[in-house]
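K.L.:
Contents of my_file_38.pdb (PDB, C-alpha atoms) are below:
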```pdb
MODEL        1
ATOM      1  CA  MET S   1      18.756   5.841  19.176
ATOM      2  CA  LYS S   2      20.227   2.347  18.772
ATOM      3  CA  LYS S   3      18.037   1.029  21.591
ATOM      4  CA  TYR S   4      14.973   2.638  20.040
ATOM      5  CA  ILE S   5      15.714   1.107  16.632
ATOM      6  CA  ALA S   6      16.349  -2.301  18.173
ATOM      7  CA  GLN S   7      13.044  -2.206  20.086
ATOM      8  CA  ARG S   8      11.049  -1.200  17.016
ATOM      9  CA  ALA S   9      12.843  -3.794  14.872
ATOM     10  CA  LEU S  10      12.098  -6.542  17.403
ATOM     11  CA  ARG S  11       8.410  -5.608  17.547
ATOM     12  CA  SER S  12       8.209  -5.558  13.753
ATOM     13  CA  LEU S  13       9.944  -8.937  13.504
ATOM     14  CA  ILE S  14       7.521 -10.491  16.004
ATOM     15  CA  THR S  15       4.563  -9.048  14.082
ATOM     16  CA  VAL S  16       5.871 -10.400  10.780
ATOM     17  CA  CYS S  17       6.396 -13.855  12.303
ATOM     18  CA  LEU S  18       2.872 -13.931  13.742
ATOM     19  CA  VAL S  19       1.337 -12.833  10.434
ATOM     20  CA  PHE S  20       3.516 -15.319   8.581
ATOM     21  CA  VAL S  21       2.372 -18.258  10.719
ATOM     22  CA  ALA S  22      -1.287 -17.149  10.684
ATOM     23  CA  VAL S  23      -1.451 -16.823   6.892
ATOM     24  CA  PHE S  24       0.348 -20.113   6.316
ATOM     25  CA  MET S  25      -1.864 -22.043   8.720
ATOM     26  CA  LEU S  26      -5.113 -20.506   7.478
ATOM     27  CA  LEU S  27      -4.306 -21.549   3.932
ATOM     28  CA  ARG S  28      -3.886 -25.115   5.166
ATOM     29  CA  PHE S  29      -7.645 -25.065   5.810
ATOM     30  CA  MET S  30      -8.403 -24.037   2.231
ATOM     31  CA  PRO S  31      -9.884 -26.648  -0.172
ATOM     32  CA  LEU S  32      -7.241 -28.849  -1.760
ATOM     33  CA  GLU S  33      -8.724 -28.073  -5.184
ATOM     34  CA  GLY S  34      -6.584 -24.942  -5.079
ATOM     35  CA  TYR S  35      -3.533 -27.118  -5.714
ATOM     36  CA  PHE S  36      -4.862 -28.725  -8.893
ATOM     37  CA  SER S  37      -4.988 -27.359 -12.423
ATOM     38  CA  ASP S  38      -8.297 -27.559 -14.297
ATOM     39  CA  GLU S  39      -6.974 -30.386 -16.453
ATOM     40  CA  MET S  40      -6.012 -32.484 -13.442
ATOM     41  CA  ILE S  41      -9.416 -31.969 -11.795
ATOM     42  CA  LYS S  42     -11.179 -33.165 -14.939
ATOM     43  CA  GLU S  43      -8.892 -36.007 -15.984
ATOM     44  CA  ALA S  44      -7.051 -37.439 -12.936
ATOM     45  CA  ASP S  45      -8.592 -40.024 -10.640
ATOM     46  CA  GLU S  46      -8.560 -39.820  -6.844
ATOM     47  CA  ALA S  47      -5.420 -41.962  -6.451
ATOM     48  CA  THR S  48      -3.474 -39.765  -8.868
ATOM     49  CA  ARG S  49      -4.562 -36.634  -7.054
ATOM     50  CA  MET S  50      -3.526 -37.980  -3.660
ATOM     51  CA  THR S  51      -0.136 -38.997  -5.049
ATOM     52  CA  TYR S  52       0.273 -35.491  -6.465
ATOM     53  CA  LEU S  53      -0.567 -33.915  -3.086
ATOM     54  CA  ARG S  54       1.808 -36.292  -1.301
ATOM     55  CA  ASN S  55       4.633 -35.349  -3.677
ATOM     56  CA  LEU S  56       3.992 -31.686  -2.913
ATOM     57  CA  GLY S  57       4.186 -32.456   0.802
ATOM     58  CA  LEU S  58       0.643 -31.219   1.415
ATOM     59  CA  LEU S  59      -0.369 -34.350   3.301
ATOM     60  CA  ASP S  60       2.354 -33.809   5.919
ATOM     61  CA  HIS S  61       1.671 -32.229   9.298
ATOM     62  CA  PRO S  62       1.122 -28.434   8.953
ATOM     63  CA  LEU S  63       4.104 -27.645  11.210
ATOM     64  CA  LYS S  64       6.332 -29.793   9.022
ATOM     65  CA  GLN S  65       5.030 -27.947   5.970
ATOM     66  CA  LEU S  66       5.736 -24.625   7.685
ATOM     67  CA  TRP S  67       9.314 -25.616   8.481
ATOM     68  CA  ARG S  68       9.885 -26.759   4.895
ATOM     69  CA  PHE S  69       8.456 -23.503   3.521
ATOM     70  CA  VAL S  70      10.677 -21.393   5.812
ATOM     71  CA  LYS S  71      13.768 -23.418   4.870
ATOM     72  CA  ASN S  72      13.011 -23.030   1.160
ATOM     73  CA  LEU S  73      12.279 -19.345   1.650
ATOM     74  CA  PHE S  74      15.770 -18.694   3.028
ATOM     75  CA  GLN S  75      17.163 -20.549   0.029
ATOM     76  CA  GLY S  76      15.289 -18.222  -2.332
ATOM     77  CA  ASP S  77      12.701 -20.813  -3.332
ATOM     78  CA  LEU S  78       9.164 -19.371  -3.115
ATOM     79  CA  GLY S  79       7.561 -22.370  -4.752
ATOM     80  CA  ARG S  80       5.720 -22.572  -8.039
ATOM     81  CA  SER S  81       2.377 -21.364  -9.328
ATOM     82  CA  LEU S  82      -0.115 -24.206  -9.594
ATOM     83  CA  THR S  83      -3.115 -22.971 -11.562
ATOM     84  CA  VAL S  84      -2.508 -19.424 -12.844
ATOM     85  CA  TYR S  85       0.926 -20.105 -14.402
ATOM     86  CA  PRO S  86       1.398 -23.870 -13.884
ATOM     87  CA  LYS S  87       4.933 -24.861 -12.809
ATOM     88  CA  VAL S  88       6.327 -21.314 -13.248
ATOM     89  CA  PRO S  89       8.515 -20.268 -10.266
ATOM     90  CA  ILE S  90       6.803 -17.613  -8.175
ATOM     91  CA  SER S  91      10.088 -15.705  -7.896
ATOM     92  CA  THR S  92      10.075 -15.336 -11.691
ATOM     93  CA  LEU S  93       6.525 -13.963 -11.638
ATOM     94  CA  LEU S  94       7.387 -11.467  -8.897
ATOM     95  CA  ALA S  95      10.466 -10.288 -10.785
ATOM     96  CA  GLU S  96       8.188  -9.415 -13.713
ATOM     97  CA  LYS S  97       5.261  -7.948 -11.763
ATOM     98  CA  ILE S  98       6.836  -5.986  -8.898
ATOM     99  CA  PRO S  99       8.558  -3.328 -11.094
ATOM    100  CA  VAL S 100       5.225  -2.475 -12.748
ATOM    101  CA  THR S 101       3.407  -2.073  -9.445
ATOM    102  CA  ALA S 102       6.329  -0.208  -7.873
ATOM    103  CA  ALA S 103       6.499   2.270 -10.761
ATOM    104  CA  PHE S 104       2.815   3.152 -10.465
ATOM    105  CA  GLY S 105       3.194   3.316  -6.690
ATOM    106  CA  PHE S 106       6.135   5.745  -6.721
ATOM    107  CA  VAL S 107       4.543   8.111  -9.226
ATOM    108  CA  SER S 108       1.185   8.007  -7.435
ATOM    109  CA  MET S 109       2.860   8.733  -4.112
ATOM    110  CA  LEU S 110       4.652  11.768  -5.567
ATOM    111  CA  LEU S 111       1.413  13.058  -7.058
ATOM    112  CA  GLY S 112      -0.330  12.517  -3.721
ATOM    113  CA  ILE S 113       2.301  14.501  -1.830
ATOM    114  CA  VAL S 114       2.531  17.391  -4.275
ATOM    115  CA  PHE S 115      -1.181  17.871  -4.929
ATOM    116  CA  GLY S 116      -2.248  16.919  -1.407
ATOM    117  CA  LEU S 117       0.024  19.467   0.280
ATOM    118  CA  SER S 118      -0.850  22.086  -2.334
ATOM    119  CA  LEU S 119      -4.571  21.553  -1.770
ATOM    120  CA  GLY S 120      -4.070  21.692   2.002
ATOM    121  CA  LEU S 121      -2.259  25.038   1.729
ATOM    122  CA  VAL S 122      -4.993  26.446  -0.504
ATOM    123  CA  MET S 123      -7.629  25.331   2.016
ATOM    124  CA  VAL S 124      -5.781  27.023   4.888
ATOM    125  CA  ARG S 125      -5.364  30.290   2.969
ATOM    126  CA  THR S 126      -9.046  30.293   1.944
ATOM    127  CA  LYS S 127     -10.369  29.009   5.278
ATOM    128  CA  ASP S 128     -14.195  29.133   5.374
ATOM    129  CA  ARG S 129     -14.275  30.473   1.824
ATOM    130  CA  LEU S 130     -14.836  28.904  -1.605
ATOM    131  CA  GLY S 131     -11.458  27.185  -1.938
ATOM    132  CA  ASP S 132     -11.780  25.611   1.493
ATOM    133  CA  HIS S 133     -15.337  24.427   0.777
ATOM    134  CA  LEU S 134     -14.331  22.883  -2.559
ATOM    135  CA  GLY S 135     -11.378  21.127  -0.933
ATOM    136  CA  ASN S 136     -13.577  19.739   1.830
ATOM    137  CA  GLY S 137     -16.062  18.552  -0.778
ATOM    138  CA  PHE S 138     -13.322  16.691  -2.638
ATOM    139  CA  ILE S 139     -12.057  15.086   0.597
ATOM    140  CA  LEU S 140     -15.589  14.080   1.564
ATOM    141  CA  VAL S 141     -16.173  12.345  -1.762
ATOM    142  CA  ILE S 142     -12.869  10.465  -1.699
ATOM    143  CA  ARG S 143     -13.142   9.353   1.936
ATOM    144  CA  ALA S 144     -16.897   8.745   2.235
ATOM    145  CA  VAL S 145     -17.951   7.389  -1.165
ATOM    146  CA  PRO S 146     -16.980   3.758  -1.963
ATOM    147  CA  SER S 147     -13.879   3.981  -4.119
ATOM    148  CA  ILE S 148     -15.243   1.643  -6.771
ATOM    149  CA  LEU S 149     -17.919   4.228  -7.648
ATOM    150  CA  TYR S 150     -15.683   7.195  -8.393
ATOM    151  CA  LEU S 151     -13.047   4.946  -9.961
ATOM    152  CA  PHE S 152     -15.692   3.648 -12.351
ATOM    153  CA  VAL S 153     -16.739   7.225 -13.196
ATOM    154  CA  ILE S 154     -13.117   8.156 -13.897
ATOM    155  CA  GLN S 155     -12.512   5.126 -16.060
ATOM    156  CA  VAL S 156     -15.687   5.471 -18.135
ATOM    157  CA  TYR S 157     -16.522   9.175 -18.329
ATOM    158  CA  VAL S 158     -13.172  10.922 -17.835
ATOM    159  CA  SER S 159     -11.538   8.627 -20.373
ATOM    160  CA  ALA S 160     -14.292   9.499 -22.867
ATOM    161  CA  ALA S 161     -14.099  13.235 -22.126
ATOM    162  CA  PHE S 162     -10.321  13.415 -22.680
ATOM    163  CA  ASP S 163     -10.086  10.608 -25.251
ATOM    164  CA  LEU S 164      -7.863   8.449 -23.047
ATOM    165  CA  PRO S 165      -7.661   4.632 -23.192
ATOM    166  CA  MET S 166      -9.842   2.780 -20.693
ATOM    167  CA  LEU S 167      -7.252  -0.005 -20.320
ATOM    168  CA  PHE S 168      -3.496  -0.111 -19.780
ATOM    169  CA  TYR S 169      -1.174  -0.588 -22.764
ATOM    170  CA  GLU S 170       2.547  -0.810 -22.153
ATOM    171  CA  ASP S 171       3.394   0.943 -25.428
ATOM    172  CA  ARG S 172       0.830   3.776 -25.030
ATOM    173  CA  PRO S 173       1.868   6.311 -22.334
ATOM    174  CA  GLY S 174      -1.558   7.936 -22.513
ATOM    175  CA  SER S 175      -3.045   4.796 -20.988
ATOM    176  CA  TRP S 176      -0.906   5.278 -17.869
ATOM    177  CA  ILE S 177      -2.529   8.595 -16.888
ATOM    178  CA  LEU S 178      -5.906   7.531 -15.487
ATOM    179  CA  PRO S 179      -4.668   4.603 -13.360
ATOM    180  CA  THR S 180      -1.892   6.756 -11.885
ATOM    181  CA  ILE S 181      -4.293   9.563 -11.002
ATOM    182  CA  SER S 182      -6.857   7.115  -9.645
ATOM    183  CA  LEU S 183      -4.238   5.497  -7.421
ATOM    184  CA  SER S 184      -3.132   8.854  -5.995
ATOM    185  CA  LEU S 185      -6.555  10.256  -5.077
ATOM    186  CA  GLY S 186      -6.629   8.716  -1.608
ATOM    187  CA  SER S 187      -3.230  10.182  -0.763
ATOM    188  CA  VAL S 188      -4.204  13.619  -2.088
ATOM    189  CA  ALA S 189      -7.263  13.676   0.164
ATOM    190  CA  TRP S 190      -5.339  12.391   3.189
ATOM    191  CA  TYR S 191      -2.476  14.905   2.942
ATOM    192  CA  ALA S 192      -4.848  17.803   2.280
ATOM    193  CA  LEU S 193      -7.109  16.915   5.199
ATOM    194  CA  TRP S 194      -4.381  16.544   7.800
ATOM    195  CA  LEU S 195      -2.203  19.424   6.631
ATOM    196  CA  ARG S 196      -5.193  21.741   6.896
ATOM    197  CA  ARG S 197      -6.068  20.392  10.339
ATOM    198  CA  PHE S 198      -2.530  20.641  11.702
ATOM    199  CA  MET S 199      -1.958  24.132  10.280
ATOM    200  CA  VAL S 200      -5.258  25.429  11.673
ATOM    201  CA  ASP S 201      -4.281  24.013  15.072
ATOM    202  CA  GLU S 202      -0.883  25.717  14.866
ATOM    203  CA  LEU S 203      -2.498  29.068  14.055
ATOM    204  CA  ASN S 204      -3.817  29.232  17.616
ATOM    205  CA  GLN S 205      -0.451  28.575  19.268
ATOM    206  CA  ASP S 206       1.258  31.273  21.340
ATOM    207  CA  TYR S 207       4.467  31.230  19.278
ATOM    208  CA  VAL S 208       2.456  32.267  16.193
ATOM    209  CA  LYS S 209       0.972  35.248  17.991
ATOM    210  CA  PHE S 210       4.432  36.173  19.300
ATOM    211  CA  ALA S 211       5.922  35.995  15.792
ATOM    212  CA  GLN S 212       3.146  38.266  14.473
ATOM    213  CA  VAL S 213       3.763  40.744  17.310
ATOM    214  CA  LYS S 214       7.443  40.811  16.319
ATOM    215  CA  GLY S 215       6.346  42.067  12.913
ATOM    216  CA  LEU S 216       6.673  38.968  10.749
ATOM    217  CA  SER S 217       4.283  38.928   7.831
ATOM    218  CA  LYS S 218       1.488  36.342   7.691
ATOM    219  CA  SER S 219       3.115  34.527   4.759
ATOM    220  CA  ALA S 220       6.468  34.393   6.585
ATOM    221  CA  VAL S 221       4.838  32.985   9.721
ATOM    222  CA  ASN S 222       2.982  30.381   7.663
ATOM    223  CA  ARG S 223       6.107  29.352   5.768
ATOM    224  CA  ARG S 224       8.772  29.450   8.498
ATOM    225  CA  HIS S 225       6.804  28.278  11.498
ATOM    226  CA  ILE S 226       3.300  26.905  10.925
ATOM    227  CA  PHE S 227       3.986  24.798   7.829
ATOM    228  CA  ARG S 228       7.268  23.389   9.196
ATOM    229  CA  ASN S 229       5.635  22.298  12.443
ATOM    230  CA  ALA S 230       2.494  20.979  10.761
ATOM    231  CA  ILE S 231       4.434  18.876   8.260
ATOM    232  CA  ILE S 232       6.211  16.802  10.937
ATOM    233  CA  PRO S 233       3.165  14.650  11.894
ATOM    234  CA  LEU S 234       2.676  13.868   8.208
ATOM    235  CA  VAL S 235       6.161  12.396   7.868
ATOM    236  CA  ILE S 236       5.131   9.192   9.613
ATOM    237  CA  TYR S 237       2.717   8.495   6.762
ATOM    238  CA  LEU S 238       5.309   8.642   3.989
ATOM    239  CA  PRO S 239       6.674   5.059   4.108
ATOM    240  CA  SER S 240       3.233   3.634   4.825
ATOM    241  CA  ASP S 241       1.790   5.705   1.999
ATOM    242  CA  LEU S 242       4.139   4.196  -0.554
ATOM    243  CA  LEU S 243       3.583   0.641   0.607
ATOM    244  CA  LEU S 244      -0.164   1.016   1.039
ATOM    245  CA  ILE S 245      -0.458   2.557  -2.430
ATOM    246  CA  ILE S 246       1.357  -0.469  -3.833
ATOM    247  CA  SER S 247      -0.929  -2.849  -1.949
ATOM    248  CA  GLY S 248      -3.963  -0.687  -2.767
ATOM    249  CA  SER S 249      -3.300  -1.227  -6.445
ATOM    250  CA  LEU S 250      -5.424  -4.391  -6.275
ATOM    251  CA  VAL S 251      -8.520  -2.590  -7.551
ATOM    252  CA  ILE S 252      -6.734  -0.245  -9.943
ATOM    253  CA  GLU S 253      -4.693  -2.972 -11.620
ATOM    254  CA  THR S 254      -7.785  -5.118 -12.011
ATOM    255  CA  LEU S 255      -9.850  -2.252 -13.469
ATOM    256  CA  TYR S 256      -7.213  -1.213 -15.978
ATOM    257  CA  SER S 257      -5.733  -4.685 -16.664
ATOM    258  CA  ILE S 258      -2.294  -3.659 -15.420
ATOM    259  CA  PRO S 259       0.164  -6.598 -15.266
ATOM    260  CA  GLY S 260       1.326  -5.984 -11.684
ATOM    261  CA  THR S 261       1.214  -7.833  -8.377
ATOM    262  CA  GLY S 262      -2.213  -6.437  -7.477
ATOM    263  CA  GLY S 263      -3.855  -7.953 -10.521
ATOM    264  CA  LEU S 264      -1.824 -11.122 -10.005
ATOM    265  CA  LEU S 265      -3.187 -11.562  -6.462
ATOM    266  CA  THR S 266      -6.758 -11.034  -7.660
ATOM    267  CA  THR S 267      -6.269 -13.643 -10.386
ATOM    268  CA  ALA S 268      -4.605 -16.066  -7.969
ATOM    269  CA  ILE S 269      -7.510 -15.817  -5.521
ATOM    270  CA  LYS S 270     -10.034 -16.278  -8.318
ATOM    271  CA  ASN S 271      -8.208 -19.374  -9.575
ATOM    272  CA  GLN S 272      -7.509 -20.720  -6.065
ATOM    273  CA  ASP S 273      -3.752 -20.795  -6.657
ATOM    274  CA  ASN S 274      -2.946 -21.303  -2.977
ATOM    275  CA  ASN S 275       0.834 -21.234  -3.404
ATOM    276  CA  LEU S 276       0.720 -17.903  -5.195
ATOM    277  CA  VAL S 277      -1.873 -16.418  -2.834
ATOM    278  CA  GLN S 278       0.268 -17.414   0.134
ATOM    279  CA  VAL S 279       3.403 -15.680  -1.120
ATOM    280  CA  LEU S 280       1.616 -12.511  -2.275
ATOM    281  CA  VAL S 281      -0.362 -12.085   0.956
ATOM    282  CA  LEU S 282       2.809 -12.538   3.003
ATOM    283  CA  MET S 283       4.623 -10.043   0.785
ATOM    284  CA  TYR S 284       1.954  -7.381   1.321
ATOM    285  CA  ALA S 285       1.826  -8.098   5.066
ATOM    286  CA  VAL S 286       5.584  -7.743   5.414
ATOM    287  CA  ALA S 287       5.511  -4.551   3.328
ATOM    288  CA  SER S 288       2.898  -3.016   5.629
ATOM    289  CA  VAL S 289       4.863  -3.862   8.793
ATOM    290  CA  VAL S 290       8.074  -2.507   7.271
ATOM    291  CA  GLY S 291       6.225   0.685   6.322
ATOM    292  CA  VAL S 292       5.086   1.279   9.907
ATOM    293  CA  PHE S 293       8.614   0.554  11.182
ATOM    294  CA  LEU S 294      10.203   3.008   8.742
ATOM    295  CA  GLY S 295       7.577   5.600   9.653
ATOM    296  CA  ASP S 296       8.475   5.329  13.353
ATOM    297  CA  LEU S 297      12.159   5.783  12.579
ATOM    298  CA  LEU S 298      11.562   8.689  10.224
ATOM    299  CA  VAL S 299       9.512  10.593  12.796
ATOM    300  CA  ALA S 300      12.170   9.971  15.434
ATOM    301  CA  PHE S 301      14.785  11.496  13.147
ATOM    302  CA  VAL S 302      12.843  14.588  12.075
ATOM    303  CA  ASP S 303      11.072  15.423  15.340
ATOM    304  CA  PRO S 304      13.396  16.122  18.294
ATOM    305  CA  ARG S 305      10.401  15.985  20.647
ATOM    306  CA  ILE S 306      10.186  12.192  20.203
ATOM    307  CA  LYS S 307      11.686  10.506  23.264
ATOM    308  CA  LEU S 308      13.794   7.477  22.472
ATOM    309  CA  THR S 309      14.653   6.022  25.857
ATOM    310  CA  GLN S 310      12.487   3.551  27.730
ATOM    311  CA  LYS S 311      12.216   5.850  30.736
ATOM    312  CA  GLU S 312      11.059   8.791  28.631
ATOM    313  CA  GLU S 313       8.463   6.754  26.757
TER     314      GLU S 313
ENDMDL
END
```
When written as C-alpha cells, how does the structure in this file appear?
P.N.:
Amino acid sequence: MKKYIAQRALRSLITVCLVFVAVFMLLRFMPLEGYFSDEMIKEADEATRMTYLRNLGLLDHPLKQLWRFVKNLFQGDLGRSLTVYPKVPISTLLAEKIPVTAAFGFVSMLLGIVFGLSLGLVMVRTKDRLGDHLGNGFILVIRAVPSILYLFVIQVYVSAAFDLPMLFYEDRPGSWILPTISLSLGSVAWYALWLRRFMVDELNQDYVKFAQVKGLSKSAVNRRHIFRNAIIPLVIYLPSDLLLIISGSLVIETLYSIPGTGGLLTTAIKNQDNNLVQVLVLMYAVASVVGVFLGDLLVAFVDPRIKLTQKEE
C-alpha cells in the first residue's frame, strides 16, 4: 500500500509541476496591459509604464520570474491583484472567497449523491417502465443540452414559479436554493446513469442467480449484493466530484452573482488581471489533480480487487 501511494503521489506531483510551469509560461505571452489598472493606462506615459513593469519584475527572463514566484509561493506570498482589487493581496481574496465556493460545493455534492443514487435505484426497479424512461429523459437533458440553456430556464422560470430570488443574497437563505440545485444537477445525472448501468450489469452475474436459487428475496439480493458491488466503481468519482463541482461553479456563481472563487476568476479574466488569473487557474488545476489522486486511493481502500504491487498492475 505504501508503494502504491508513493507511486500515485509522485505521478500527481509531476502533473502538478507540469501544469504549474505551463500556466505560468503561457501567461507570460499575455498582453502586458493585464498588469495595468485603467487609470494607469489612461494617465501614465510609456516610460512610467516600463518602470512599473520593471519594478514588478515582469521584464526579467521568464525562468527568473518563475523561480521568484515559486520562492514567494513557499513563503505564503501569492502576489497582489492588479486590476480587479488593486494592491489587495491575493491570499486575502482567497480567504474570503473560498469558504463561499466550498460551502456551495459541499451541499451540492451531498444533493448529487443522495438524489443521484435514489434516482438510479428507482430506474433499476422500474427498468423499461415509466420511472426508468423519465430518469433517462432527465439524464439526456442534463448531459446532452448545453448547461447554459437549462440553467437559464431554472433561473428565470423556476424562480418566478416558486417566488425565489434570481440572484444570491447572503442574508436571504431562499436565494441559496436555486444555485445549489443548479450546481448539483450534473452530479445527480452522473450518479443515476452509472448506478443504473452497473446494477443492470450485476443483475446478469452468476452470483445473483445463485443467491436467488438459495431463496433470497429480490430486495435482499439488490440490497446486500448488487447495490454493494455496483457502488464501488462510483467511489472513485467522489473526490473528483467535490473538486469539479467547486471548479464548475464558474457559470453558477456568475449567473447568480455569488461572491466565490468562480465568479472571481471570471471577473479576473474579463479585467485581464494576470496575477489573479494565474493563481486561480493553478489552484483549480491542483485541485483537479488532487481529486484524481484521492479517488485512486479511495478505490484501492474500498475494493480489495485492486492490485497494489507493480507486478500485479
K.L.:
Given the file shown, determine the residues that the PyMOL selection byres ((chain S and resi 265) around 8) selects; report them as a PDB file with C-alpha atoms, in the frame of the given file.
P.N.:
```pdb
ATOM      1  CA  LEU S 250      -5.424  -4.391  -6.275  1.00  0.00           C
ATOM      2  CA  THR S 261       1.214  -7.833  -8.377  1.00  0.00           C
ATOM      3  CA  GLY S 262      -2.213  -6.437  -7.477  1.00  0.00           C
ATOM      4  CA  GLY S 263      -3.855  -7.953 -10.521  1.00  0.00           C
ATOM      5  CA  LEU S 264      -1.824 -11.122 -10.005  1.00  0.00           C
ATOM      6  CA  THR S 266      -6.758 -11.034  -7.660  1.00  0.00           C
ATOM      7  CA  THR S 267      -6.269 -13.643 -10.386  1.00  0.00           C
ATOM      8  CA  ALA S 268      -4.605 -16.066  -7.969  1.00  0.00           C
ATOM      9  CA  ILE S 269      -7.510 -15.817  -5.521  1.00  0.00           C
ATOM     10  CA  LEU S 276       0.720 -17.903  -5.195  1.00  0.00           C
ATOM     11  CA  VAL S 277      -1.873 -16.418  -2.834  1.00  0.00           C
ATOM     12  CA  LEU S 280       1.616 -12.511  -2.275  1.00  0.00           C
ATOM     13  CA  VAL S 281      -0.362 -12.085   0.956  1.00  0.00           C
TER      14      VAL S 281
END
```
K.L.:
One decimal, in Å: what's the spacing between atom CA of S:Ile139 and atom CA of S:Tyr256?
P.N.:
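Computed distance, atom CA of S:Ile139 to atom CA of S:Tyr256, equals 23.7 Å.
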K.L.:
Go through the shown structure with the PyMOL selection byres ((chain S and resi 282) around 9) and write out the matching residues as a ChimeraX atom specification.
P.N.:
/S:16,19-20,23-24,277-281,283-287
K.L.:
Next, dump the selected residues to file, keeping only C-alpha atoms, as a short mmCIF file (atom, residue, chain, number, x, y, z; two decimals), in the frame of the given file.
P.N.:
```
data_model
loop_
_atom_site.label_atom_id
_atom_site.label_comp_id
_atom_site.auth_asym_id
_atom_site.auth_seq_id
_atom_site.Cartn_x
_atom_site.Cartn_y
_atom_site.Cartn_z
CA VAL S 16 5.87 -10.40 10.78
CA VAL S 19 1.34 -12.83 10.43
CA PHE S 20 3.52 -15.32 8.58
CA VAL S 23 -1.45 -16.82 6.89
CA PHE S 24 0.35 -20.11 6.32
CA VAL S 277 -1.87 -16.42 -2.83
CA GLN S 278 0.27 -17.41 0.13
CA VAL S 279 3.40 -15.68 -1.12
CA LEU S 280 1.62 -12.51 -2.28
CA VAL S 281 -0.36 -12.08 0.96
CA MET S 283 4.62 -10.04 0.78
CA TYR S 284 1.95 -7.38 1.32
CA ALA S 285 1.83 -8.10 5.07
CA VAL S 286 5.58 -7.74 5.41
CA ALA S 287 5.51 -4.55 3.33
#
```
K.L.:
Counting only C-alpha atoms, write as a PDB file with C-alpha atoms, in the frame of the given file all protein and nucleic acid residues lying at most 12 Å from (-10.3, -1.7, -14.1) in the file's frame.
P.N.:
```pdb
ATOM      1  CA  ILE S 148     -15.243   1.643  -6.771  1.00  0.00           C
ATOM      2  CA  LEU S 149     -17.919   4.228  -7.648  1.00  0.00           C
ATOM      3  CA  TYR S 150     -15.683   7.195  -8.393  1.00  0.00           C
ATOM      4  CA  LEU S 151     -13.047   4.946  -9.961  1.00  0.00           C
ATOM      5  CA  PHE S 152     -15.692   3.648 -12.351  1.00  0.00           C
ATOM      6  CA  VAL S 153     -16.739   7.225 -13.196  1.00  0.00           C
ATOM      7  CA  ILE S 154     -13.117   8.156 -13.897  1.00  0.00           C
ATOM      8  CA  GLN S 155     -12.512   5.126 -16.060  1.00  0.00           C
ATOM      9  CA  VAL S 156     -15.687   5.471 -18.135  1.00  0.00           C
ATOM     10  CA  PRO S 165      -7.661   4.632 -23.192  1.00  0.00           C
ATOM     11  CA  MET S 166      -9.842   2.780 -20.693  1.00  0.00           C
ATOM     12  CA  LEU S 167      -7.252  -0.005 -20.320  1.00  0.00           C
ATOM     13  CA  PHE S 168      -3.496  -0.111 -19.780  1.00  0.00           C
ATOM     14  CA  SER S 175      -3.045   4.796 -20.988  1.00  0.00           C
ATOM     15  CA  LEU S 178      -5.906   7.531 -15.487  1.00  0.00           C
ATOM     16  CA  PRO S 179      -4.668   4.603 -13.360  1.00  0.00           C
ATOM     17  CA  SER S 182      -6.857   7.115  -9.645  1.00  0.00           C
ATOM     18  CA  LEU S 183      -4.238   5.497  -7.421  1.00  0.00           C
ATOM     19  CA  SER S 249      -3.300  -1.227  -6.445  1.00  0.00           C
ATOM     20  CA  LEU S 250      -5.424  -4.391  -6.275  1.00  0.00           C
ATOM     21  CA  VAL S 251      -8.520  -2.590  -7.551  1.00  0.00           C
ATOM     22  CA  ILE S 252      -6.734  -0.245  -9.943  1.00  0.00           C
ATOM     23  CA  GLU S 253      -4.693  -2.972 -11.620  1.00  0.00           C
ATOM     24  CA  THR S 254      -7.785  -5.118 -12.011  1.00  0.00           C
ATOM     25  CA  LEU S 255      -9.850  -2.252 -13.469  1.00  0.00           C
ATOM     26  CA  TYR S 256      -7.213  -1.213 -15.978  1.00  0.00           C
ATOM     27  CA  SER S 257      -5.733  -4.685 -16.664  1.00  0.00           C
ATOM     28  CA  ILE S 258      -2.294  -3.659 -15.420  1.00  0.00           C
ATOM     29  CA  PRO S 259       0.164  -6.598 -15.266  1.00  0.00           C
ATOM     30  CA  GLY S 262      -2.213  -6.437  -7.477  1.00  0.00           C
ATOM     31  CA  GLY S 263      -3.855  -7.953 -10.521  1.00  0.00           C
ATOM     32  CA  THR S 266      -6.758 -11.034  -7.660  1.00  0.00           C
TER      33      THR S 266
END
```
K.L.:
Using all atoms listed in the file, tabulate the residues of stretch 191-233 of chain S lying at most 8 Å from any atom of stretch 119-126 of chain S, each with its closest atom pair and that distance in Å to one decimal, by chain and increasing residue number, as a Markdown table.
P.N.:
```
| residue | atom | partner | partner_atom | distance |
| --- | --- | --- | --- | --- |
| S:Tyr191 | CA | S:Gly120 | CA | 7.0 |
| S:Ala192 | CA | S:Gly120 | CA | 4.0 |
| S:Leu193 | CA | S:Gly120 | CA | 6.5 |
| S:Trp194 | CA | S:Gly120 | CA | 7.8 |
| S:Leu195 | CA | S:Gly120 | CA | 5.5 |
| S:Arg196 | CA | S:Gly120 | CA | 5.0 |
| S:Met199 | CA | S:Val124 | CA | 7.2 |
| S:Val200 | CA | S:Val124 | CA | 7.0 |
```
K.L.:
Expand the PyMOL selection byres ((chain S and resi 113) around 10) into the explicit residue set it covers here, and present it as a PyMOL selection string.
P.N.:
chain S and resi 108-112+114-119+184+187-192+238+241
K.L.:
Around stretch 194-205 of chain S, fit a box with edges along x, y and z, padding it by 3 Å on each side, then list its centre and edge lengths in Å to one decimal as lines of an AutoDock Vina configuration file.
P.N.:
```
center_x = -3.3
center_y = 22.9
center_z = 12.9
size_x = 11.6
size_y = 18.7
size_z = 18.6
```
